[in-house]
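**Student:** I have a structure here, written as structure tokens, and I will follow up with some questions on it.
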Amino acid sequence: MAPQISVVKQFHNGLPDVLADISLSGFWPSTYVSQPTPPPELHWHRMEVNGYVMEGRTWIMDGETGDRLTVETGDKLIIPAGALHIEGEAEGPVTYVIAIPSTESHSDVFQTLPVDYPGRPTD
């Protein structure tokens, strides 16, 4: 089965909880503010991305199941490498602390690769 996104509701109560979780994972933290923009096409990313919602509310669609998942302040969003998805259009900015397994630029991490792009992990 292809990788699927998941949301852990009310995972954290603020930055100390987020940083403790990232420390345990060995991932690298950064911040990302997602402004309201039209949703992109169905796509995937090369590496796992964990997003801790610090402020705001939006949705993400799991491209494998078609499920539309709400993410909001306190939630942890896990997007495995290769997981097909669409980020929804929020009504306002959504602030994340993101964590990735290696040091990469935001443009490399968030490159939106089309469904048929070669090399997509499928398990």
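Chain labels run A, B, ... following the order of the structure tokens; each chain numbers its residues from 1, and ligands are numbered from 1 in the order shown.
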Within 10 Å of Ile60 (chain A), counting only C-alpha atoms, which residues show up once you throw out same-chain ones fewer than 4 positions away? Write them as a ChimeraX atom specification, please.

**Tutor:** /A:5-7,39,66-71,77,85-90

**Student:** Please save C-alpha atoms of the selected residues as a PDB file, in the first residue's frame.

**Tutor:**
```
ATOM      1  CA  ILE A   5      -0.833  10.993   5.565  1.00  0.00           C
ATOM      2  CA  SER A   6      -2.045  11.070   9.147  1.00  0.00           C
ATOM      3  CA  VAL A   7      -3.102  13.679  11.684  1.00  0.00           C
ATOM      4  CA  PRO A  39      -4.927  24.293  -3.525  1.00  0.00           C
ATOM      5  CA  GLY A  66      -9.746  10.868  -0.807  1.00  0.00           C
ATOM      6  CA  ASP A  67     -10.268  11.712   2.874  1.00  0.00           C
ATOM      7  CA  ARG A  68     -10.238  15.417   3.699  1.00  0.00           C
ATOM      8  CA  LEU A  69      -8.528  15.858   7.059  1.00  0.00           C
ATOM      9  CA  THR A  70      -8.778  19.015   9.160  1.00  0.00           C
ATOM     10  CA  VAL A  71      -5.609  20.264  10.838  1.00  0.00           C
ATOM     11  CA  LEU A  77       0.481  16.330  10.543  1.00  0.00           C
ATOM     12  CA  HIS A  85      -1.948  14.766  -1.094  1.00  0.00           C
ATOM     13  CA  ILE A  86      -3.408  18.215  -1.666  1.00  0.00           C
ATOM     14  CA  GLU A  87      -3.040  21.030   0.853  1.00  0.00           C
ATOM     15  CA  GLY A  88      -6.299  22.928   1.256  1.00  0.00           C
ATOM     16  CA  GLU A  89      -6.915  26.641   1.074  1.00  0.00           C
ATOM     17  CA  ALA A  90      -7.082  28.123   4.567  1.00  0.00           C
TER      18      ALA A  90
END
```

**Student:** For Val109 (chain A), work out the shell of residues within 12 Å, counting only C-alpha atoms and skipping chain neighbours fewer than 5 positions away, then give it as a ChimeraX atom specification.

**Tutor:** /A:28,30,32,44-50,79,81-82,98-104

**Student:** Using the chain letters and numbers from this document, which residues of region 41-110 of chain A does DSSP assign to alpha helix (DSSP H), as a list of chain:residue names?

**Tutor:**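 Restricting region 41-110 of chain A to alpha helix (DSSP H) produces A:His106, A:Ser107, A:Asp108, A:Val109.
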
**Student:** Would you save the residues of that selection, restricted to N, CA and C atoms, as a compact mmCIF listing (two decimals), in the first residue's frame?

**Tutor:**
```txt
# COMPACT_ATOMS: atom_id res chain seq x y z
N HIS A 106 13.74 24.92 1.96
CA HIS A 106 12.29 24.80 1.84
C HIS A 106 11.88 24.50 0.40
N SER A 107 12.56 25.10 -0.57
CA SER A 107 12.18 24.87 -1.96
C SER A 107 12.42 23.41 -2.37
N ASP A 108 13.45 22.77 -1.82
CA ASP A 108 13.68 21.36 -2.12
C ASP A 108 12.68 20.47 -1.39
N VAL A 109 12.44 20.77 -0.12
CA VAL A 109 11.53 19.95 0.68
C VAL A 109 10.11 20.01 0.12
```

**Student:** Using backbone DSSP assignments, extract all strand (DSSP E or B) residues from region 18-97 of chain A; output them as a PyMOL selection string.

**Tutor:** chain A and resi 28-34+43-44+49-55+57-62+68-72+76-79+85-87+94-97

**Student:** With distances taken over only C-alpha atoms, which of A:Thr95, A:Gln4, A:Ser25, A:Gln111 is nearest to Asp62 (chain A)?

**Tutor:**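 Distance minimum relative to Asp62 (chain A) lands on A:Gln4.
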
**Student:** With only C-alpha atoms as the counted atoms, please give the residues lying no more than 12 Å from Ser34 (chain A), apart from itself and same-chain residues fewer than 6 positions off, as a list of chain:residue names.

**Tutor:**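 Within the cut-off, the hits are A:Gly51, A:Val53, A:Met54, A:Glu55, A:Gly56, A:Arg57, A:Thr58, A:Trp59, A:Glu87, A:Gly88, A:Glu89, A:Ala90, A:Glu91, A:Gly92, A:Pro93, A:Val94, A:Thr95, A:Tyr96, A:Val97, A:Ile98, A:Phe110.
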
**Student:** List the spatial neighbours of His43 (chain A) as a PyMOL selection string - criterion: any atom at most 9 Å away, only C-alpha atoms, same-chain residues fewer than 3 positions off excluded.

**Tutor:** chain A and resi 40+63+82-86+112-116

**Student:** Do you have the CA of Ile78 (chain A)-CA of Val8 (chain A) distance handy?

**Tutor:**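 Going from CA of Ile78 (chain A) over to CA of Val8 (chain A), I get 8.1 Å.
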
**Student:** Report, in Å to a single decimal, how far apart CA of Thr31 (chain A) and CA of Pro121 (chain A) are.

**Tutor:** 25.4 Å
